[in-house]
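Data block for start.csv (CSV, C-alpha atoms and all ligand atoms):
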chain,number,residue,atom,x,y,z
W,1,MET,CA,150.9,101.1,11.0
W,2,ILE,CA,147.2,100.2,11.4
W,3,ALA,CA,145.4,101.4,14.6
W,4,GLU,CA,145.2,98.8,17.3
W,5,THR,CA,141.3,99.0,17.3
W,6,GLU,CA,141.3,98.2,13.6
W,7,MET,CA,143.9,95.5,13.7
W,8,PHE,CA,141.7,92.4,14.3
W,9,ASP,CA,139.0,93.3,11.8
W,10,PRO,CA,138.7,90.2,9.5
W,11,ARG,CA,138.4,92.6,6.5
W,12,HIS,CA,142.1,93.3,6.6
W,13,TYR,CA,142.9,89.6,6.2
W,14,GLU,CA,140.6,88.7,3.3
W,15,ALA,CA,143.5,88.2,0.9
W,16,VAL,CA,145.2,85.7,3.3
W,17,ARG,CA,141.9,83.8,3.5
W,18,ARG,CA,141.8,83.0,-0.3
W,19,PRO,CA,143.1,79.7,-1.7
W,20,LEU,CA,146.9,79.4,-1.8
W,21,LEU,CA,147.5,80.5,-5.4
W,22,ASP,CA,145.1,83.5,-5.1
W,23,ALA,CA,146.3,84.5,-1.6
W,24,GLU,CA,148.6,87.1,-0.1
W,25,THR,CA,151.0,86.7,2.8
W,26,LEU,CA,150.0,88.1,6.2
W,27,PRO,CA,150.1,91.9,6.6
W,28,VAL,CA,153.5,93.0,7.8
W,29,TRP,CA,152.2,94.3,11.2
W,30,CYS,CA,151.6,90.7,12.2
W,31,TYR,CA,155.4,90.3,12.4
W,32,THR,CA,156.3,93.6,14.0
W,33,SER,CA,153.4,94.9,16.2
W,34,ASP,CA,153.2,94.7,19.9
W,35,ALA,CA,149.4,94.5,19.8
W,36,PHE,CA,149.4,91.6,17.4
W,37,TYR,CA,151.9,89.8,19.5
W,38,ARG,CA,149.9,90.3,22.7
W,39,ARG,CA,146.8,88.9,21.0
W,40,GLU,CA,148.8,85.8,20.0
W,41,VAL,CA,150.0,85.3,23.6
W,42,GLU,CA,146.4,85.6,24.9
W,43,ARG,CA,144.6,83.6,22.2
W,44,ILE,CA,147.3,81.1,21.2
W,45,TRP,CA,150.1,80.5,23.7
W,46,HIS,CA,147.9,80.8,26.7
W,47,LYS,CA,145.4,78.3,25.2
W,48,ALA,CA,147.5,75.8,23.3
W,49,TRP,CA,149.5,72.7,24.4
W,50,ASN,CA,153.0,74.1,24.3
W,51,PHE,CA,155.9,71.9,23.7
W,52,ILE,CA,158.7,72.3,26.3
W,53,GLY,CA,161.2,69.6,25.4
W,54,ALA,CA,162.1,66.0,26.2
W,55,ALA,CA,161.0,64.4,29.4
W,56,ASP,CA,164.4,62.6,29.9
W,57,ARG,CA,165.7,66.0,31.0
W,58,LEU,CA,164.1,65.1,34.4
W,59,ARG,CA,165.5,61.7,35.2
W,60,ALA,CA,165.5,61.4,39.0
W,61,PRO,CA,162.9,62.5,41.6
W,62,GLY,CA,163.8,66.1,42.5
W,63,ASP,CA,165.2,67.0,39.1
W,64,TYR,CA,163.7,70.3,37.9
W,65,PHE,CA,164.1,73.0,35.2
W,66,THR,CA,162.5,76.4,35.0
W,67,ILE,CA,161.5,78.4,31.9
W,68,THR,CA,159.6,81.5,31.2
W,69,PHE,CA,157.1,80.6,28.5
W,70,ALA,CA,155.2,83.4,26.7
W,71,GLY,CA,155.9,85.6,29.7
W,72,VAL,CA,154.9,83.0,32.3
W,73,PRO,CA,157.6,81.7,34.7
W,74,ILE,CA,157.2,78.0,35.4
W,75,ILE,CA,158.8,75.1,37.2
W,76,VAL,CA,158.7,71.6,35.7
W,77,LEU,CA,159.9,68.8,38.0
W,78,ARG,CA,159.8,65.1,38.8
W,79,ASP,CA,158.3,64.6,42.3
W,80,LYS,CA,159.2,62.1,45.0
W,81,GLU,CA,156.9,59.4,43.4
W,82,GLY,CA,158.4,59.9,40.0
W,83,GLU,CA,155.5,61.9,38.7
W,84,LEU,CA,156.1,64.9,36.4
W,85,ARG,CA,154.5,68.1,37.5
W,86,ALA,CA,154.4,71.8,36.4
W,87,PHE,CA,153.8,74.8,38.7
W,88,ALA,CA,153.7,78.6,38.4
W,89,ASN,CA,157.2,79.7,39.5
W,90,SER,CA,155.7,82.3,41.9
W,91,CYS,CA,155.8,82.1,45.7
W,92,ARG,CA,152.3,82.1,47.4
W,93,HIS,CA,153.6,84.7,50.0
W,94,ARG,CA,154.5,87.8,48.0
W,95,GLY,CA,155.2,86.3,44.6
W,96,SER,CA,158.9,85.9,44.3
W,97,ALA,CA,160.3,83.5,41.7
W,98,LEU,CA,161.3,80.4,43.6
W,99,LEU,CA,163.8,78.4,41.4
W,100,GLU,CA,166.1,79.4,38.6
W,101,GLY,CA,167.8,77.5,35.8
W,102,GLU,CA,167.8,73.8,36.3
W,103,GLY,CA,169.0,71.4,39.0
W,104,HIS,CA,167.9,69.0,41.8
W,105,CYS,CA,166.1,69.7,45.0
W,106,ARG,CA,164.2,67.9,47.8
W,107,LEU,CA,162.2,70.9,48.9
W,108,ILE,CA,161.5,74.2,47.1
W,109,VAL,CA,162.6,77.0,49.4
W,110,CYS,CA,161.7,80.6,48.6
W,111,PRO,CA,164.8,82.8,48.5
W,112,TYR,CA,162.9,85.8,49.9
W,113,HIS,CA,161.4,84.7,53.3
W,114,SER,CA,162.0,81.0,53.3
W,115,TRP,CA,158.5,79.6,52.7
W,116,SER,CA,159.0,76.1,51.5
W,117,TYR,CA,157.0,73.7,49.3
W,118,HIS,CA,157.0,69.9,48.8
W,119,LEU,CA,157.6,68.6,45.3
W,120,ASP,CA,153.9,68.0,44.9
W,121,GLY,CA,153.4,71.7,45.5
W,122,ALA,CA,152.0,71.5,49.1
W,123,LEU,CA,153.2,74.2,51.5
W,124,ALA,CA,155.8,72.6,53.8
W,125,GLY,CA,156.7,75.5,56.0
W,126,ALA,CA,156.0,79.2,56.5
W,127,PRO,CA,158.1,80.7,59.3
W,128,GLU,CA,156.4,83.1,61.8
W,129,MET,CA,152.9,82.9,60.2
W,130,GLN,CA,151.3,81.7,63.4
W,131,GLN,CA,150.0,85.1,64.3
W,132,THR,CA,148.4,85.7,61.0
W,133,HIS,CA,144.6,85.3,61.3
W,134,ASP,CA,143.1,82.3,59.6
W,135,PHE,CA,146.3,81.4,57.7
W,136,ALA,CA,145.6,78.0,56.1
W,137,PRO,CA,148.6,76.2,54.7
W,138,GLU,CA,146.4,74.1,52.5
W,139,ASP,CA,145.2,77.2,50.7
W,140,ASN,CA,148.8,78.2,50.0
W,141,ALA,CA,150.1,75.4,47.8
W,142,LEU,CA,151.9,76.2,44.5
W,143,ILE,CA,149.6,76.8,41.6
W,144,PRO,CA,149.6,73.7,39.4
W,145,LEU,CA,149.7,73.9,35.6
W,146,ALA,CA,148.4,71.2,33.2
W,147,LEU,CA,151.3,69.1,32.0
W,148,GLY,CA,151.0,66.4,29.3
W,149,SER,CA,153.4,64.0,27.8
W,150,TRP,CA,153.6,62.1,24.6
W,151,GLY,CA,156.4,60.2,22.9
W,152,GLY,CA,158.8,61.2,25.6
W,153,PHE,CA,158.0,64.9,25.1
W,154,LEU,CA,156.5,67.4,27.6
W,155,PHE,CA,153.7,69.9,26.9
W,156,ILE,CA,152.2,72.5,29.2
W,157,ASN,CA,148.9,74.3,29.0
W,158,PHE,CA,148.0,77.5,30.9
W,159,ASP,CA,144.3,77.1,30.2
W,160,PRO,CA,142.6,75.2,33.1
W,161,ASP,CA,139.7,74.3,30.8
W,162,ALA,CA,141.9,72.9,28.0
W,163,ALA,CA,140.9,69.6,26.3
W,164,PRO,CA,143.4,66.8,26.9
W,165,LEU,CA,146.7,66.7,25.0
W,166,ALA,CA,145.6,63.5,23.2
W,167,ASP,CA,142.7,65.5,21.7
W,168,TYR,CA,145.0,68.2,20.6
W,169,LEU,CA,147.5,65.8,18.9
W,170,GLY,CA,144.7,63.8,17.2
W,171,ASP,CA,146.2,61.1,15.0
W,172,LEU,CA,149.7,62.4,15.0
W,173,PRO,CA,150.9,59.7,17.5
W,174,ASP,CA,149.7,57.0,15.0
W,175,LYS,CA,151.4,58.7,12.1
W,176,VAL,CA,154.8,58.8,13.7
W,177,ALA,CA,154.4,55.5,15.7
W,178,PRO,CA,156.9,53.6,13.4
W,179,TYR,CA,159.7,55.9,14.6
W,180,GLN,CA,159.3,54.8,18.2
W,181,LEU,CA,160.2,58.3,19.5
W,182,ASP,CA,159.7,57.2,23.1
W,183,GLN,CA,162.6,54.8,22.6
W,184,MET,CA,164.9,57.7,21.7
W,185,ALA,CA,167.0,59.8,24.0
W,186,CYS,CA,167.9,63.5,23.7
W,187,ALA,CA,171.6,63.6,23.3
W,188,ARG,CA,172.1,67.3,22.9
W,189,ARG,CA,170.1,70.4,23.5
W,190,LYS,CA,171.2,73.7,22.0
W,191,GLU,CA,169.6,77.1,22.5
W,192,TYR,CA,169.6,80.2,20.3
W,193,VAL,CA,168.0,83.7,20.7
W,194,MET,CA,166.8,84.9,17.3
W,195,GLU,CA,166.0,88.5,16.4
W,196,CYS,CA,162.8,87.7,14.5
W,197,ASN,CA,159.1,87.1,15.0
W,198,TRP,CA,158.4,83.5,15.8
W,199,LYS,CA,156.2,83.0,12.7
W,200,LEU,CA,159.1,83.8,10.3
W,201,PHE,CA,161.1,80.9,11.6
W,202,VAL,CA,158.1,78.5,11.7
W,203,GLU,CA,157.0,79.4,8.2
W,204,ASN,CA,160.6,78.8,7.0
W,205,ALA,CA,160.7,75.4,8.7
W,206,LYS,CA,157.6,74.3,6.7
W,207,GLU,CA,158.4,75.3,3.2
W,208,SER,CA,160.8,73.7,0.7
W,209,TYR,CA,161.0,76.8,-1.6
W,210,HIS,CA,164.0,78.2,0.2
W,211,ILE,CA,166.1,75.1,0.2
W,212,ALA,CA,167.6,75.7,-3.3
W,213,THR,CA,168.8,79.1,-2.2
W,214,VAL,CA,169.4,79.2,1.6
W,215,HIS,CA,170.6,75.6,1.8
W,216,LYS,CA,172.3,75.5,-1.6
W,217,GLN,CA,175.5,73.9,-0.2
W,218,THR,CA,173.8,71.7,2.4
W,219,ILE,CA,170.3,70.2,2.3
W,220,ASN,CA,169.9,70.9,-1.4
W,221,LYS,CA,172.7,68.5,-2.3
W,222,TYR,CA,170.8,65.5,-1.1
W,223,ALA,CA,167.2,66.4,-0.6
W,224,SER,CA,166.3,69.2,-3.0
W,225,ALA,CA,162.6,70.2,-3.2
W,226,LYS,CA,162.3,68.8,-6.7
W,227,SER,CA,163.9,65.4,-6.0
W,228,SER,CA,162.4,64.8,-2.6
W,229,GLY,CA,158.8,66.0,-3.1
W,230,TYR,CA,158.0,67.2,0.4
W,231,TRP,CA,154.4,66.1,0.1
W,232,VAL,CA,151.9,67.5,2.4
W,233,GLU,CA,149.9,64.7,4.0
W,234,GLU,CA,146.5,64.6,5.6
W,235,ALA,CA,146.4,65.6,9.3
W,236,ASN,CA,143.6,65.2,11.8
W,237,GLY,CA,144.7,67.2,14.8
W,238,GLU,CA,146.3,70.5,15.6
W,239,TYR,CA,149.3,69.9,13.3
W,240,CYS,CA,150.4,69.7,9.7
W,241,ILE,CA,152.8,67.2,8.2
W,242,THR,CA,155.0,66.5,5.3
W,243,PHE,CA,156.9,63.5,3.9
W,244,ALA,CA,160.0,63.8,1.8
W,245,GLN,CA,161.6,60.9,0.0
W,246,HIS,CA,165.3,60.8,-0.3
W,247,GLU,CA,168.4,58.7,-0.1
W,248,GLY,CA,170.2,58.3,3.2
W,249,SER,CA,169.6,60.4,6.3
W,250,MET,CA,168.1,64.0,6.3
W,251,ALA,CA,170.3,64.7,9.3
W,252,LEU,CA,173.7,64.2,7.6
W,253,LEU,CA,175.6,66.2,5.0
W,254,LYS,CA,176.5,64.4,1.8
W,255,GLY,CA,179.4,62.0,2.3
W,256,ASP,CA,179.4,62.0,6.1
W,257,GLY,CA,179.0,58.7,7.9
W,258,GLY,CA,176.2,58.0,10.4
W,259,PHE,CA,174.3,55.4,12.4
W,260,PRO,CA,172.4,52.5,10.8
W,261,ILE,CA,168.8,53.0,9.8
W,262,ASN,CA,166.4,52.8,12.7
W,263,GLU,CA,165.5,49.0,13.0
W,264,SER,CA,161.8,49.8,13.6
W,265,LEU,CA,161.5,51.2,10.1
W,266,ALA,CA,162.6,48.0,8.3
W,267,GLY,CA,160.5,47.4,5.2
W,268,ARG,CA,158.5,50.6,5.6
W,269,ARG,CA,158.4,53.6,3.3
W,270,GLU,CA,159.7,55.7,6.3
W,271,ALA,CA,163.1,54.0,5.8
W,272,GLY,CA,163.5,56.0,2.6
W,273,GLY,CA,162.6,59.5,3.8
W,274,THR,CA,161.6,62.0,6.5
W,275,THR,CA,158.3,62.7,8.2
W,276,ALA,CA,158.1,66.2,9.5
W,277,PRO,CA,155.1,67.4,11.5
W,278,LEU,CA,154.6,70.9,12.8
W,279,ILE,CA,152.5,70.8,16.0
W,280,TYR,CA,150.7,74.1,16.0
W,281,PRO,CA,151.6,76.7,16.7
W,282,SER,CA,155.4,76.3,16.6
W,283,THR,CA,156.9,72.9,17.3
W,284,TYR,CA,158.8,71.4,14.5
W,285,LEU,CA,159.6,67.7,14.6
W,286,ALA,CA,161.6,65.8,12.0
W,287,CYS,CA,161.8,62.1,12.0
W,288,THR,CA,164.3,60.8,9.5
W,289,ASN,CA,165.4,57.3,9.0
W,290,ASP,CA,168.2,57.1,11.6
W,291,CYS,CA,167.3,59.8,14.2
W,292,ALA,CA,164.9,62.6,14.9
W,293,TRP,CA,165.1,66.2,16.1
W,294,TYR,CA,162.9,68.9,17.4
W,295,LEU,CA,162.8,72.7,17.2
W,296,GLU,CA,161.1,74.2,20.2
W,297,LEU,CA,160.2,77.9,20.1
W,298,HIS,CA,159.6,80.3,23.0
W,299,PRO,CA,158.2,83.6,22.0
W,300,LEU,CA,160.0,86.4,23.8
W,301,GLY,CA,158.4,89.4,22.1
W,302,PRO,CA,157.2,90.6,18.7
W,303,THR,CA,160.7,90.4,17.2
W,304,ARG,CA,162.5,88.1,19.5
W,305,THR,CA,162.3,84.3,19.8
W,306,ARG,CA,164.2,81.6,21.7
W,307,LEU,CA,164.9,78.5,19.7
W,308,VAL,CA,165.9,75.1,21.3
W,309,HIS,CA,167.2,72.3,19.1
W,310,GLY,CA,167.0,68.8,20.5
W,311,ALA,CA,168.9,65.9,18.9
W,312,LEU,CA,167.2,62.5,19.4
W,313,PHE,CA,168.8,59.1,18.7
W,314,PRO,CA,167.6,55.5,19.4
W,315,LYS,CA,168.8,54.9,23.0
W,316,ASP,CA,171.2,52.1,22.2
W,317,ARG,CA,173.2,54.4,19.8
W,318,LEU,CA,174.2,56.5,22.9
W,319,THR,CA,175.9,53.5,24.5
W,320,ARG,CA,178.1,52.8,21.4
W,321,ASN,CA,181.8,53.5,21.9
W,322,ASP,CA,181.9,55.7,18.8
W,323,PHE,CA,178.7,57.6,19.7
W,324,GLU,CA,180.3,61.0,20.2
W,325,ASP,CA,182.5,60.7,17.0
W,326,VAL,CA,179.6,59.7,14.8
W,327,ALA,CA,177.2,62.2,16.4
W,328,LYS,CA,179.5,65.0,15.5
W,329,ASN,CA,178.5,64.6,11.9
W,330,TYR,CA,174.9,65.1,12.8
W,331,TYR,CA,175.6,68.1,15.0
W,332,LYS,CA,177.7,69.6,12.2
W,333,ARG,CA,174.7,69.3,9.8
W,334,TRP,CA,172.2,70.8,12.3
W,335,ASP,CA,174.5,73.6,13.4
W,336,ILE,CA,175.2,74.7,9.8
W,337,THR,CA,171.6,74.5,8.5
W,338,ILE,CA,170.0,76.0,11.6
W,339,GLU,CA,172.3,78.9,11.3
W,340,GLU,CA,171.3,79.3,7.6
W,341,ASP,CA,167.7,79.4,8.6
W,342,ILE,CA,168.2,81.9,11.5
W,343,VAL,CA,170.2,84.2,9.2
W,344,ALA,CA,167.4,84.0,6.6
W,345,SER,CA,164.6,84.7,9.2
W,346,GLU,CA,166.5,87.6,10.8
W,347,ARG,CA,167.2,89.1,7.4
W,348,GLN,CA,163.5,88.7,6.5
W,349,GLN,CA,162.6,90.5,9.8
W,350,ARG,CA,164.8,93.4,8.9
W,351,GLY,CA,163.2,93.7,5.5
W,352,ILE,CA,159.6,93.4,6.9
W,353,ASP,CA,160.2,96.1,9.5
W,354,SER,CA,159.8,98.9,7.1
W,355,PRO,CA,156.9,101.3,6.2
W,356,PHE,CA,157.5,100.2,2.6
W,357,ALA,CA,157.1,96.4,3.1
W,358,ARG,CA,153.9,94.9,1.6
W,359,PRO,CA,152.2,91.5,1.7
W,360,GLY,CA,153.5,89.2,-1.1
W,361,ARG,CA,152.2,86.3,-3.1
W,362,PHE,CA,152.8,82.6,-2.5
W,363,SER,CA,154.4,79.9,-4.7
W,364,HIS,CA,153.0,76.4,-5.0
W,365,ARG,CA,155.8,75.3,-2.7
W,366,GLU,CA,154.4,77.3,0.3
W,367,PRO,CA,151.1,75.6,1.1
W,368,LEU,CA,151.9,75.2,4.7
W,369,VAL,CA,153.0,78.8,5.2
W,370,HIS,CA,149.5,79.7,4.1
W,371,GLU,CA,148.0,77.0,6.3
W,372,ILE,CA,149.9,78.1,9.4
W,373,ASP,CA,149.0,81.8,8.8
W,374,ASN,CA,145.3,80.9,8.5
W,375,TRP,CA,145.4,78.7,11.6
W,376,ILE,CA,146.7,81.8,13.5
W,377,LEU,CA,144.1,84.1,12.0
W,378,ASP,CA,141.3,81.6,13.0
W,379,ARG,CA,142.4,82.2,16.6
W,380,VAL,CA,143.4,85.9,16.8
W,381,LEU,CA,140.8,87.7,14.7
W,382,ASP,CA,137.6,89.2,16.0
W,383,ARG,CA,134.5,87.5,14.7
W,401,LIG,S1,157.9,85.9,48.7
W,401,LIG,FE1,158.4,83.8,49.1
W,401,LIG,S2,158.5,83.7,51.2
W,401,LIG,FE2,158.1,85.7,50.9
W,402,FE,FE,165.6,75.8,6.1

Any chance you could put this one into structure tokens?
Amino acid sequence: MIAETEMFDPRHYEAVRRPLLDAETLPVWCYTSDAFYRREVERIWHKAWNFIGAADRLRAPGDYFTITFAGVPIIVLRDKEGELRAFANSCRHRGSALLEGEGHCRLIVCPYHSWSYHLDGALAGAPEMQQTHDFAPEDNALIPLALGSWGGFLFINFDPDAAPLADYLGDLPDKVAPYQLDQMACARRKEYVMECNWKLFVENAKESYHIATVHKQTINKYASAKSSGYWVEEANGEYCITFAQHEGSMALLKGDGGFPINESLAGRREAGGTTAPLIYPSTYLACTNDCAWYLELHPLGPTRTRLVHGALFPKDRLTRNDFEDVAKNYYKRWDITIEEDIVASERQQRGIDSPFARPGRFSHREPLVHEIDNWILDRVLDR
């Protein structure tokens, strides 16, 4: 393994910087080393707008959920006025985590010495602090974090100087506007913990080369790379995007019944395919013609990643009597193919974690793997 002091010297990455068909894949330490991971946390996760799921998870004032994102424990909640807010999940007294899991509360009460906070973060009570000199409640509110929303999705940013979410997304909202994502509801959320570096799963999600092998019995039967194209389209923003043309829904296995095509796509090319952006660094979104889904990644360490899959359907599908019965076909397709991709990514991690593993070469079907890897290098390397 390369020395940590050497690791971020651009000279080691010259081969990745070449055009796709002359380039090599990232050095293997990018997928295994603690130092490379720590640099990604500092320069990517703590700077980017990070996707944290669908806003409809917080329906009523007082609803909250907690997550630890790239090592930072946070609370996301809907306050009394209905406004969505995010805070560091750290008590202002002596730092205890305040809330766990998800739930509903009217006041946030610290489980250590019972300091309490209103849902807007203001300190509500601090027992027996009267004798403490110059103790100012207004200086002891929860630390707020930047929270943005688009299309019914939530994003957090740990960088107080970050540009707005709208700048980050660029023209992505226009590109996926026909799908009316904000008119969809998240019907199921499923979590996995994967024993692999986050980049392996992201790279997999944005290349069609593996479909013929890994998804031979599933996706390949109705949307093979050759028949569907998977064209890379132009992107102006912190994302990349593909469009695949195919019959039927990308979210069903061949022969399974589903919901009608999304009415908002009538007469558009989107009715006959799937638009799939990857919002950098790691949020995969797939908008097919009858539903959509997201893949949210939380980095847990150099070789461990939490994956959340969210299933999105137009809201009125959820009120149909047959919703659960029909939705089962979609869940089956997602469960099978996600498992196929996790197995492939974890197997790749095992092969890469070897003193004999070497960078490889790209096929013409992996332009976005190359693009994602270069986006990462633009941020983590020394200049
Ligand atoms: S750490 Fe929260 S009240 Fe003491
Ligand atoms: Fe896949």

12 Å shell around ligand LIG 401 (chain W) using all atoms listed in the file, listed as a PyMOL selection string: chain W and resi 89-99+108-117+123-129+140-142

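Closest to ligand FE 402 (chain W) among W:Ile372, W:Ala15, W:Ile2, W:Leu295 is W:Leu295, based on only C-alpha atoms and all ligand atoms.
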
Counting only C-alpha atoms, I want the residues whose atoms come within 7 Å of (162.3, 59.1, 11.1) in the file frame, returned as a VMD selection string. chain W and resid 179 270 274 to 275 286 to 292

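Separating CA of Phe323 in chain W from CA of Met250 in chain W is a distance of 18.2 Å.
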
List as a ChimeraX atom specification the protein and nucleic acid residues lying within 12 Å of ligand FE 402 (chain W), with only C-alpha atoms and all ligand atoms counted. /W:200-220,223-225,284,295,333-345

Excluding range 308-310 of chain W and its own-chain neighbours fewer than 2 positions away, which residues fall within 6 Å of it when counting only C-alpha atoms? Please give them as a PyMOL selection string. chain W and resi 188-191+293-296

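CA of Asn374 in chain W sits 21.1 Å away from CA of Met1 in chain W.
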
I'd like the contact shell of Asp63 in chain W - 7 Å cut-off, all atoms listed in the file, skipping same-chain residues fewer than 6 positions apart - returned as a PyMOL selection string. chain W and resi 77-78+103-105

For C-alpha atoms, I'd like the residues from the last selection saved as a compact mmCIF listing (two decimals), in the coordinates of the input.
# COMPACT_ATOMS: atom_id res chain seq x y z
CA LEU W 77 159.90 68.80 38.00
CA ARG W 78 159.80 65.10 38.80
CA GLY W 103 169.00 71.40 39.00
CA HIS W 104 167.90 69.00 41.80
CA CYS W 105 166.10 69.70 45.00

Need the shell around range 26-39 of chain W: protein/DNA/RNA residues with any atom at most 6 Å away, counting all atoms listed in the file. Skip same-chain ones fewer than 4 positions apart. Format as a PDB file with C-alpha atoms, keeping the file's coordinate frame?
ATOM      1  CA  ARG W  43     144.600  83.600  22.200  1.00  0.00           C
ATOM      2  CA  ASN W 197     159.100  87.100  15.000  1.00  0.00           C
ATOM      3  CA  PRO W 302     157.200  90.600  18.700  1.00  0.00           C
ATOM      4  CA  PRO W 359     152.200  91.500   1.700  1.00  0.00           C
TER       5      PRO W 359
END

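Coordinates place CA of Trp198 in chain W at a distance of 24.4 Å from CA of Gly152 in chain W.
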